[in-house]
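> Sharing query22.cif, mmCIF, C-alpha atoms:
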data_start
#
loop_
_atom_site.label_atom_id
_atom_site.label_comp_id
_atom_site.auth_asym_id
_atom_site.auth_seq_id
_atom_site.Cartn_x
_atom_site.Cartn_y
_atom_site.Cartn_z
CA MET B 1 227.37 -10.40 196.43
CA THR B 2 225.20 -7.59 197.62
CA ALA B 3 222.18 -8.81 199.56
CA LYS B 4 222.90 -10.37 202.92
CA ARG B 5 221.84 -13.92 203.71
CA GLU B 6 222.06 -14.99 207.31
CA VAL B 7 220.41 -17.59 209.47
CA VAL B 8 219.26 -15.67 212.53
CA HIS B 9 220.57 -17.17 215.74
CA LEU B 10 217.64 -17.79 218.04
CA PRO B 11 217.94 -18.02 221.81
CA ASP B 12 216.87 -21.26 223.47
CA ARG B 13 213.66 -19.79 224.84
CA VAL B 14 212.22 -19.30 221.34
CA ARG B 15 214.09 -21.70 219.08
CA LYS B 16 211.88 -24.71 219.67
CA SER B 17 208.74 -22.84 218.63
CA ALA B 18 210.07 -22.86 215.06
CA THR B 19 210.60 -26.62 215.04
CA GLY B 20 208.27 -29.42 214.14
CA VAL B 21 208.67 -28.43 210.54
CA GLY B 22 211.71 -30.49 209.62
CA PRO B 23 215.19 -29.40 208.55
CA ALA B 24 214.82 -25.66 208.36
CA SER B 25 216.07 -22.51 209.98
CA GLY B 26 213.35 -20.71 211.90
CA VAL B 27 214.26 -17.20 210.77
CA VAL B 28 216.46 -16.32 207.79
CA ARG B 29 217.61 -12.83 206.84
CA GLY B 30 217.46 -12.23 203.09
CA GLY B 31 218.25 -8.71 201.95
CA ASP B 32 215.80 -6.36 203.65
CA PHE B 33 213.55 -9.15 204.85
CA LEU B 34 213.24 -11.82 207.50
CA LEU B 35 211.71 -14.98 206.11
CA LEU B 36 210.21 -17.34 208.65
CA CYS B 37 209.31 -20.99 208.52
CA GLY B 38 205.68 -21.92 208.42
CA LEU B 39 204.83 -22.08 212.13
CA VAL B 40 202.50 -24.55 213.77
CA ALA B 41 201.35 -24.54 217.39
CA ILE B 42 204.44 -25.69 219.28
CA ASP B 43 205.09 -25.30 222.99
CA ALA B 44 208.25 -23.16 223.05
CA GLN B 45 209.54 -24.85 226.22
CA SER B 46 209.16 -28.47 225.22
CA GLY B 47 209.04 -28.30 221.44
CA GLU B 48 205.89 -30.45 221.53
CA PRO B 49 203.02 -29.83 219.09
CA MET B 50 199.95 -28.50 220.91
CA ARG B 51 196.99 -29.68 218.89
CA GLY B 52 193.81 -27.88 219.87
CA THR B 53 191.12 -25.79 218.27
CA THR B 54 191.82 -23.52 215.32
CA ALA B 55 191.62 -20.58 217.72
CA SER B 56 193.97 -22.04 220.33
CA GLU B 57 196.52 -23.09 217.71
CA THR B 58 196.35 -19.65 216.06
CA ARG B 59 196.95 -17.97 219.39
CA LEU B 60 199.98 -20.08 220.27
CA ILE B 61 201.47 -19.61 216.81
CA LEU B 62 201.15 -15.83 217.02
CA VAL B 63 202.51 -15.65 220.56
CA ASN B 64 205.52 -17.59 219.29
CA LEU B 65 205.75 -15.43 216.16
CA LYS B 66 205.95 -12.28 218.27
CA ALA B 67 208.76 -13.78 220.35
CA LEU B 68 210.65 -15.01 217.27
CA LEU B 69 210.45 -11.65 215.52
CA GLU B 70 211.53 -9.75 218.60
CA ALA B 71 214.45 -12.13 219.16
CA ALA B 72 215.47 -11.37 215.58
CA GLY B 73 215.28 -7.60 216.13
CA SER B 74 211.96 -7.15 214.34
CA SER B 75 208.34 -7.02 215.48
CA LEU B 76 204.77 -7.94 214.55
CA ASP B 77 204.18 -4.50 213.07
CA LYS B 78 206.97 -5.13 210.57
CA VAL B 79 205.29 -8.20 209.08
CA VAL B 80 204.55 -7.47 205.43
CA LYS B 81 202.86 -10.72 204.42
CA ALA B 82 201.29 -13.73 206.09
CA ASN B 83 200.26 -16.96 204.41
CA VAL B 84 197.77 -18.88 206.51
CA LEU B 85 197.07 -22.53 205.78
CA LEU B 86 194.08 -24.09 207.51
CA HIS B 87 192.90 -27.67 207.66
CA SER B 88 189.46 -26.33 206.71
CA MET B 89 188.37 -22.97 205.35
CA LEU B 90 185.20 -23.28 207.46
CA GLU B 91 187.49 -22.42 210.37
CA ALA B 92 188.74 -19.15 208.83
CA PRO B 93 186.57 -16.89 211.02
CA ASN B 94 187.90 -18.59 214.17
CA MET B 95 191.45 -17.99 213.01
CA ASN B 96 190.66 -14.43 211.93
CA GLU B 97 189.21 -13.42 215.28
CA VAL B 98 192.38 -14.37 217.16
CA TYR B 99 194.65 -13.09 214.38
CA ALA B 100 193.11 -9.60 214.61
CA GLU B 101 194.30 -9.31 218.23
CA PHE B 102 197.92 -9.57 217.16
CA PHE B 103 197.84 -7.15 214.23
CA PRO B 104 195.52 -4.41 215.49
CA ASP B 105 196.54 -1.62 213.12
CA LEU B 106 197.75 -1.62 209.53
CA PRO B 107 197.77 -5.43 209.28
CA PRO B 108 200.03 -7.20 206.78
CA ALA B 109 198.86 -8.50 203.42
CA ARG B 110 197.50 -12.02 203.81
CA THR B 111 196.36 -15.06 201.87
CA VAL B 112 194.37 -17.82 203.53
CA CYS B 113 193.64 -21.24 202.04
CA GLY B 114 192.90 -24.82 203.02
CA ALA B 115 195.46 -27.61 202.77
CA ILE B 116 196.68 -30.76 204.51
CA LEU B 117 199.10 -29.78 207.26
CA PRO B 118 201.87 -31.80 208.93
CA HIS B 119 201.24 -33.56 212.25
CA ARG B 120 197.46 -33.15 211.88
CA MET B 121 197.76 -29.51 212.91
CA LYS B 122 194.87 -27.19 212.13
CA VAL B 123 196.78 -24.00 211.39
CA MET B 124 200.10 -23.05 209.82
CA ILE B 125 201.24 -19.45 209.43
CA GLU B 126 204.22 -18.33 207.38
CA CYS B 127 205.37 -14.72 207.59
CA THR B 128 207.74 -12.36 205.87
CA ALA B 129 208.79 -9.28 207.83
CA LEU B 130 211.14 -6.36 207.43
CA ALA B 131 214.39 -6.94 209.27
CA MET I 1 212.05 8.92 193.79
CA THR I 2 214.22 5.81 194.06
CA GLU I 3 214.80 3.81 190.92
CA LYS I 4 212.53 0.83 190.36
CA PRO I 5 214.31 -2.49 190.91
CA ARG I 6 215.20 -4.15 187.62
CA ARG I 7 213.22 -7.22 186.60
CA SER I 8 214.61 -9.97 184.37
CA VAL I 9 213.68 -13.53 183.40
CA ILE I 10 215.70 -16.53 184.54
CA GLU I 11 216.20 -19.48 182.21
CA PRO I 12 218.03 -22.75 182.84
CA ARG I 13 221.08 -23.61 180.77
CA ASN I 14 219.47 -27.03 180.27
CA PRO I 15 216.50 -26.49 177.92
CA HIS I 16 214.82 -29.69 179.18
CA LEU I 17 214.09 -27.80 182.38
CA ASN I 18 212.34 -25.01 180.55
CA ALA I 19 208.99 -26.75 180.28
CA SER I 20 207.12 -23.47 180.37
CA ARG I 21 208.78 -22.33 177.17
CA SER I 22 208.48 -25.64 175.31
CA ALA I 23 204.88 -26.11 176.36
CA ASN I 24 204.03 -22.46 175.69
CA LEU I 25 202.84 -21.98 179.25
CA PRO I 26 202.23 -18.51 180.64
CA HIS I 27 205.00 -18.55 183.17
CA VAL I 28 208.78 -18.46 183.22
CA PRO I 29 211.12 -20.66 185.23
CA GLY I 30 212.06 -17.74 187.41
CA VAL I 31 212.27 -13.98 187.75
CA ARG I 32 215.03 -11.86 189.21
CA ILE I 33 214.09 -8.49 190.65
CA GLY I 34 216.84 -6.48 192.28
CA ASP I 35 218.60 -8.86 194.65
CA TYR I 36 215.77 -11.42 194.81
CA ILE I 37 215.14 -14.50 192.70
CA PHE I 38 211.69 -16.11 192.62
CA LEU I 39 211.55 -19.56 191.03
CA SER I 40 208.41 -21.22 189.74
CA GLY I 41 207.42 -24.49 191.36
CA MET I 42 209.58 -27.36 190.12
CA THR I 43 208.57 -30.98 189.75
CA PRO I 44 210.54 -34.20 189.16
CA ILE I 45 211.67 -33.92 185.54
CA ASP I 46 214.45 -36.04 184.09
CA PRO I 47 217.10 -33.47 183.12
CA GLU I 48 218.32 -35.70 180.27
CA THR I 49 214.99 -36.19 178.55
CA GLY I 50 212.54 -33.63 179.96
CA ALA I 51 210.12 -36.45 180.81
CA ARG I 52 208.47 -36.84 184.20
CA ARG I 53 210.60 -39.00 186.50
CA HIS I 54 208.51 -40.56 189.23
CA GLY I 55 209.31 -43.49 191.50
CA PRO I 56 209.81 -43.34 195.26
CA ILE I 57 209.33 -39.93 196.84
CA GLY I 58 212.98 -39.73 197.89
CA GLU I 59 214.07 -39.99 194.27
CA GLN I 60 211.48 -37.43 193.17
CA VAL I 61 212.71 -34.96 195.77
CA ARG I 62 216.31 -35.59 194.76
CA THR I 63 215.53 -35.01 191.07
CA THR I 64 213.58 -31.85 191.82
CA LEU I 65 216.20 -30.32 194.10
CA ALA I 66 219.03 -31.18 191.71
CA ASN I 67 217.09 -29.38 188.99
CA MET I 68 216.51 -26.45 191.33
CA GLN I 69 220.25 -26.29 191.94
CA HIS I 70 220.81 -26.14 188.19
CA MET I 71 218.20 -23.40 187.82
CA LEU I 72 219.80 -21.27 190.52
CA GLU I 73 223.29 -21.79 189.15
CA SER I 74 222.08 -20.82 185.68
CA ALA I 75 220.99 -17.55 187.27
CA GLY I 76 224.35 -16.97 188.97
CA SER I 77 223.01 -17.98 192.36
CA SER I 78 223.18 -21.25 194.33
CA LEU I 79 221.44 -23.44 196.91
CA GLU I 80 223.42 -21.61 199.61
CA ARG I 81 221.63 -18.38 198.67
CA VAL I 82 218.13 -19.83 199.06
CA VAL I 83 216.22 -18.07 201.83
CA ARG I 84 212.77 -19.73 201.65
CA VAL I 85 211.48 -23.03 200.29
CA HIS I 86 207.93 -24.28 199.83
CA VAL I 87 207.61 -28.06 199.59
CA VAL I 88 204.21 -29.35 198.52
CA LEU I 89 203.66 -33.11 198.78
CA ALA I 90 200.84 -35.08 197.25
CA ASP I 91 200.88 -37.28 200.35
CA ILE I 92 201.62 -35.79 203.78
CA SER I 93 202.93 -39.16 204.97
CA ASP I 94 205.92 -38.65 202.64
CA MET I 95 207.26 -35.89 204.92
CA ALA I 96 209.90 -37.97 206.72
CA GLU I 97 211.35 -39.43 203.55
CA MET I 98 211.30 -36.00 201.89
CA ASP I 99 213.16 -34.53 204.89
CA ARG I 100 215.84 -37.20 204.62
CA VAL I 101 216.71 -36.28 201.04
CA TYR I 102 216.14 -32.55 201.56
CA CYS I 103 218.90 -32.51 204.20
CA GLU I 104 221.39 -33.63 201.55
CA PHE I 105 220.82 -30.43 199.61
CA PHE I 106 220.68 -28.04 202.57
CA PRO I 107 223.08 -29.62 205.07
CA THR I 108 223.98 -26.46 206.99
CA ASP I 109 222.24 -23.14 207.67
CA PRO I 110 219.16 -24.32 205.76
CA PRO I 111 216.61 -21.86 204.41
CA ALA I 112 213.28 -21.15 206.08
CA ARG I 113 210.83 -23.77 204.90
CA THR I 114 207.11 -24.41 204.83
CA ALA I 115 205.94 -27.90 203.85
CA TRP I 116 202.40 -29.15 203.43
CA SER I 117 200.23 -31.34 201.20
CA MET I 118 197.92 -30.48 198.36
CA GLN I 119 196.55 -32.05 195.21
CA LEU I 120 199.33 -32.17 192.59
CA ARG I 121 199.00 -32.71 188.88
CA PHE I 122 200.25 -35.61 186.73
CA GLY I 123 200.80 -37.94 189.66
CA ASN I 124 203.78 -35.87 190.83
CA GLY I 125 204.77 -36.65 194.41
CA CYS I 126 206.26 -33.23 195.10
CA GLU I 127 206.47 -29.68 193.85
CA ILE I 128 209.13 -27.36 195.25
CA GLU I 129 209.57 -23.60 194.85
CA CYS I 130 212.02 -21.21 196.37
CA VAL I 131 213.10 -17.63 196.90
CA ALA I 132 216.82 -16.96 196.75
CA LEU I 133 219.22 -14.05 196.78
CA ALA I 134 221.18 -13.23 193.68
CA GLY I 135 224.76 -14.45 193.76
CA MET O 1 209.89 1.39 204.75
CA ARG O 2 206.64 -0.51 205.18
CA GLU O 3 203.72 1.18 203.48
CA VAL O 4 200.11 0.05 203.38
CA ILE O 5 198.54 0.23 199.92
CA ALA O 6 194.91 1.19 200.49
CA ALA O 7 192.09 -0.31 198.47
CA PRO O 8 191.87 1.74 195.26
CA ARG O 9 188.14 1.04 195.01
CA PRO O 10 185.71 0.54 197.89
CA GLY O 11 184.87 -3.04 196.93
CA LEU O 12 188.49 -4.11 197.31
CA ASP O 13 188.51 -3.31 201.02
CA LEU O 14 187.91 -6.87 202.17
CA ARG O 15 188.48 -5.90 205.77
CA ARG O 16 185.48 -3.57 205.68
CA HIS O 17 183.25 -5.91 203.69
CA TYR O 18 184.18 -9.29 205.10
CA GLY O 19 186.19 -8.63 208.23
CA HIS O 20 189.30 -10.15 206.65
CA HIS O 21 192.02 -8.81 208.88
CA GLN O 22 194.47 -7.74 206.19
CA SER O 23 195.63 -4.75 204.18
CA PRO O 24 195.08 -4.96 200.42
CA ALA O 25 198.84 -4.78 199.83
CA ILE O 26 202.05 -3.74 201.52
CA ARG O 27 205.02 -2.10 199.80
CA ALA O 28 208.39 -2.82 201.38
CA GLY O 29 211.94 -3.40 200.21
CA GLY O 30 211.16 -2.64 196.56
CA LEU O 31 208.36 -5.23 196.40
CA ILE O 32 204.58 -5.13 196.68
CA PHE O 33 203.05 -8.02 198.61
CA CYS O 34 199.36 -8.38 197.78
CA SER O 35 196.72 -10.11 199.83
CA GLY O 36 195.17 -13.03 197.97
CA MET O 37 192.90 -11.42 195.40
CA LEU O 38 189.36 -12.73 195.13
CA PRO O 39 186.61 -12.31 192.54
CA VAL O 40 184.67 -9.50 194.17
CA ASP O 41 183.05 -6.51 192.53
CA PRO O 42 185.57 -3.66 192.90
CA GLU O 43 182.85 -1.11 193.66
CA SER O 44 180.39 -3.02 195.83
CA GLY O 45 182.58 -5.80 197.18
CA GLU O 46 179.91 -8.31 196.21
CA ARG O 47 181.18 -11.85 195.65
CA LEU O 48 181.13 -12.68 191.94
CA HIS O 49 180.99 -16.46 191.85
CA GLY O 50 181.11 -17.95 188.37
CA THR O 51 183.22 -20.22 186.30
CA LEU O 52 186.95 -20.31 186.89
CA THR O 53 187.21 -18.22 183.73
CA SER O 54 184.85 -15.49 184.85
CA GLU O 55 186.34 -15.40 188.35
CA ALA O 56 189.89 -15.17 186.97
CA HIS O 57 188.96 -12.20 184.78
CA VAL O 58 187.57 -10.32 187.78
CA ILE O 59 190.65 -11.15 189.84
CA PHE O 60 193.09 -9.94 187.19
CA GLU O 61 191.15 -6.69 186.68
CA ASN O 62 191.14 -6.13 190.44
CA LEU O 63 194.89 -6.77 190.57
CA ARG O 64 195.40 -4.31 187.75
CA LEU O 65 193.53 -1.64 189.71
CA LEU O 66 195.45 -2.40 192.91
CA LEU O 67 198.92 -2.55 191.38
CA GLU O 68 198.45 0.51 189.19
CA SER O 69 197.25 2.50 192.19
CA ALA O 70 200.55 1.58 193.85
CA GLY O 71 202.64 2.69 190.88
CA SER O 72 203.21 -0.85 189.65
CA SER O 73 201.46 -2.99 187.04
CA LEU O 74 200.69 -6.55 185.94
CA ASP O 75 203.90 -6.35 183.86
CA ARG O 76 205.86 -6.03 187.12
CA LEU O 77 204.54 -9.26 188.64
CA VAL O 78 207.42 -11.41 189.86
CA GLN O 79 205.74 -14.29 191.67
CA VAL O 80 202.25 -15.73 191.53
CA HIS O 81 200.66 -18.47 193.55
CA ALA O 82 197.63 -19.41 191.50
CA LEU O 83 195.18 -21.10 193.84
CA ILE O 84 192.61 -23.21 192.03
CA TYR O 85 189.93 -25.34 193.61
CA ASP O 86 190.84 -28.37 191.46
CA SER O 87 193.79 -28.94 189.20
CA ILE O 88 191.48 -30.29 186.54
CA GLU O 89 190.91 -26.64 185.55
CA TYR O 90 194.62 -25.98 184.96
CA ASP O 91 194.19 -25.43 181.22
CA VAL O 92 191.20 -23.19 181.84
CA LEU O 93 193.29 -21.08 184.21
CA ASN O 94 196.05 -20.80 181.61
CA ARG O 95 193.70 -19.61 178.91
CA VAL O 96 192.65 -16.58 180.96
CA TYR O 97 196.03 -16.07 182.61
CA ARG O 98 197.76 -15.71 179.25
CA GLN O 99 195.65 -12.68 178.42
CA TYR O 100 196.99 -10.67 181.34
CA VAL O 101 200.70 -11.52 181.41
CA ILE O 102 201.50 -10.82 177.78
CA ASN O 103 204.61 -8.72 178.41
CA GLY O 104 206.72 -11.27 180.23
CA PRO O 105 204.93 -13.60 182.65
CA PRO O 106 206.17 -13.98 186.23
CA ALA O 107 207.31 -17.07 188.09
CA ARG O 108 204.31 -19.17 189.09
CA THR O 109 203.30 -22.09 191.22
CA VAL O 110 199.78 -23.47 190.98
CA TRP O 111 198.29 -24.52 194.31
CA ALA O 112 195.22 -26.75 194.24
CA ALA O 113 193.78 -25.61 197.54
CA GLN O 114 190.51 -24.99 199.31
CA ILE O 115 189.55 -21.39 198.71
CA GLU O 116 187.13 -19.34 200.77
CA ALA O 117 183.45 -19.06 200.01
CA GLY O 118 183.60 -21.77 197.37
CA PHE O 119 185.51 -19.60 194.92
CA LYS O 120 187.26 -21.51 192.18
CA VAL O 121 190.37 -19.35 191.94
CA GLN O 122 192.43 -16.87 193.95
CA LEU O 123 195.70 -15.17 193.03
CA ASP O 124 198.40 -14.49 195.61
CA VAL O 125 201.00 -12.23 194.02
CA ILE O 126 204.17 -10.28 194.58
CA ALA O 127 205.11 -7.48 192.18
CA GLY O 128 208.05 -5.18 191.84
CA ALA O 129 207.40 -1.73 193.20
#
Kindly transcribe the structure held in the file into structure tokens.


Amino acid sequence: MTAKREVVHLPDRVRKSATGVGPASGVVRGGDFLLLCGLVAIDAQSGEPMRGTTASETRLILVNLKALLEAAGSSLDKVVKANVLLHSMLEAPNMNEVYAEFFPDLPPARTVCGAILPHRMKVMIECTALA
Amino acid sequence: MTEKPRRSVIEPRNPHLNASRSANLPHVPGVRIGDYIFLSGMTPIDPETGARRHGPIGEQVRTTLANMQHMLESAGSSLERVVRVHVVLADISDMAEMDRVYCEFFPTDPPARTAWSMQLRFGNGCEIECVALAG
Amino acid sequence: MREVIAAPRPGLDLRRHYGHHQSPAIRAGGLIFCSGMLPVDPESGERLHGTLTSEAHVIFENLRLLLESAGSSLDRLVQVHALIYDSIEYDVLNRVYRQYVINGPPARTVWAAQIEAGFKVQLDVIAGA
């Protein structure tokens, strides 16, 4: 066995933000990468889904993403790829405007598409980052 | 310059699970590159006959994940080495039942997972793909 | 460690043309993660709507340009998510797809998803560096 696989232990203050997506680990180390669950807009304190607008859900997801990555020893600028699922592609510009705030320079590669999301959420973002 | 990571094709020991080969489809069941294994999306196929095996979603998920286990083991890996899973459901309301069966296959330290719903072909209830580390 | 692959042709800079906040591709850890490739003219960036067939041809040629500029190639593809607007065009996708992955196709999952701007197909790929 060469490449390391490890479920990253997350402190209480961030762990709940990676829930609401069923039996999964929020952040997993695989070789050189951190692979994260698809995140939806969850209040990190309560673990409750925070349905809102596409923009508000995007913002909460990315605030949580930043905290999760930093708790795992990484950072937003180490994200290599993001997959964004939206309840409607008409909302892509609203997502994009908020998204740009979090990845100001040299943004990751990204694919955006429309799908049916759990819990009637409007946005789900899955990232891969360098550990 | 560092050497390019080596790329090789993964095939299941059970030929019934190699639908892409038998149907002459332009994909392979999986690819290994360096330490990483990328599997193609898997659907509920009866491993004895190669036919679609539908029925309740729980059974479809069980069939699919058992086949995924076989695929990984054929490649010298295992479910314990899976780092990311994508579960696509035809019907989002099947999430809870899917979770129940999914837990049987990943009881501890589960992989990262993203689950959502999209149109699936052939009346399949689920399609599951994963990324794993080589064994 | 993490390297941005710039657009090899001006039309493939979707951030400049469409404000899509993304890099064309990122190389890291021996892999190249590409942004979902769309059927746009590689020089002008103009959207090239058409049939799934015509759109897929443009996408594959764009991917060829991008990957080759990064020292990789279509032969080094390891994973593809083939997004199509409706799974009824699965066989149509395959007919084009076959022409570009002759030397050992990658792993693939087809996603029937809503794609931007009414495009019929989009390819989300990872290749070996």

> Care to translate the PyMOL selection byres ((chain O) within 6 of (chain I)) into actual residues of this file, as an NGL selection string?

:O and (78 or 98 or 105-109 or 112)

> So which residues get picked by the PyMOL selection byres ((chain B) within 12 of (chain I)) here, written as a PyMOL selection string?

chain B and resi 1-9+18-40+83-87+113-128

> Could you list, as a ChimeraX atom specification, every residue within 8 Å of Val61 of chain I, counting all atoms listed in the file and ignoring same-chain residues fewer than 3 positions away?

/I:44,57-58,64-65,98,101-102,126

> Residues of chain O were defined as contacting chain B if any atom lay at most 12 Å from it, counting all atoms listed in the file; please report them as JSON, numbers by chain.

{"O": [1, 2, 3, 4, 5, 6, 7, 13, 14, 15, 18, 19, 20, 21, 22, 23, 24, 25, 26, 27, 28, 29, 30, 31, 32, 33, 34, 35, 36, 37, 38, 80, 81, 82, 83, 84, 85, 111, 112, 113, 114, 115, 116, 117, 118, 119, 120, 121, 122, 123, 124, 125, 126]}

> Rounded to one decimal place, report the atom CA of Leu67 of chain O-atom CA of His17 of chain O distance in Å.

20.2 Å

> Which residues, written as a PDB file with C-alpha atoms, in the frame of the given file, have at least one atom at most 9 Å from Asp41 of chain O, with only C-alpha atoms counted and residues fewer than 5 positions away on the same chain left out?


ATOM      1  CA  GLY O  11     184.870  -3.040 196.930  1.00  0.00           C
ATOM      2  CA  LEU O  12     188.490  -4.110 197.310  1.00  0.00           C
ATOM      3  CA  GLU O  46     179.910  -8.310 196.210  1.00  0.00           C
ATOM      4  CA  ARG O  47     181.180 -11.850 195.650  1.00  0.00           C
ATOM      5  CA  LEU O  48     181.130 -12.680 191.940  1.00  0.00           C
ATOM      6  CA  VAL O  58     187.570 -10.320 187.780  1.00  0.00           C
ATOM      7  CA  ASN O  62     191.140  -6.130 190.440  1.00  0.00           C
TER       8      ASN O  62
END

> Could you check which of O:Pro8, O:Val110, O:Glu89, O:Ser69 is closest to Glu43 of chain O, using only C-alpha atoms?

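Ranking O:Pro8, O:Val110, O:Glu89, O:Ser69 by distance to Glu43 of chain O, first place goes to O:Pro8.
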
> Quick one, how far is atom CA of Gln99 of chain O from atom CA of Ser20 of chain I?

15.9 Å

> Could you please determine the separation between atom CA of Gly55 of chain I and atom CA of Gly123 of chain I in Å, to one decimal place?

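Interatomic distance, atom CA of Gly55 of chain I to atom CA of Gly123 of chain I: 10.3 Å.
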
> Between I:Glu59, I:Glu11, I:Glu97, I:Glu73, which is the closest to Ile45 of chain I once you count all atoms listed in the file?

I:Glu59

> Determine the residue set returned by the PyMOL selection byres ((chain O and resi 76) around 6) for the present structure, and present it as a compact mmCIF listing (two decimals) with C-alpha atoms, keeping the file's coordinate frame.


# COMPACT_ATOMS: atom_id res chain seq x y z
CA SER O 73 201.46 -2.99 187.04
CA LEU O 74 200.69 -6.55 185.94
CA ASP O 75 203.90 -6.35 183.86
CA LEU O 77 204.54 -9.26 188.64
CA ALA O 127 205.11 -7.48 192.18
CA GLY O 128 208.05 -5.18 191.84
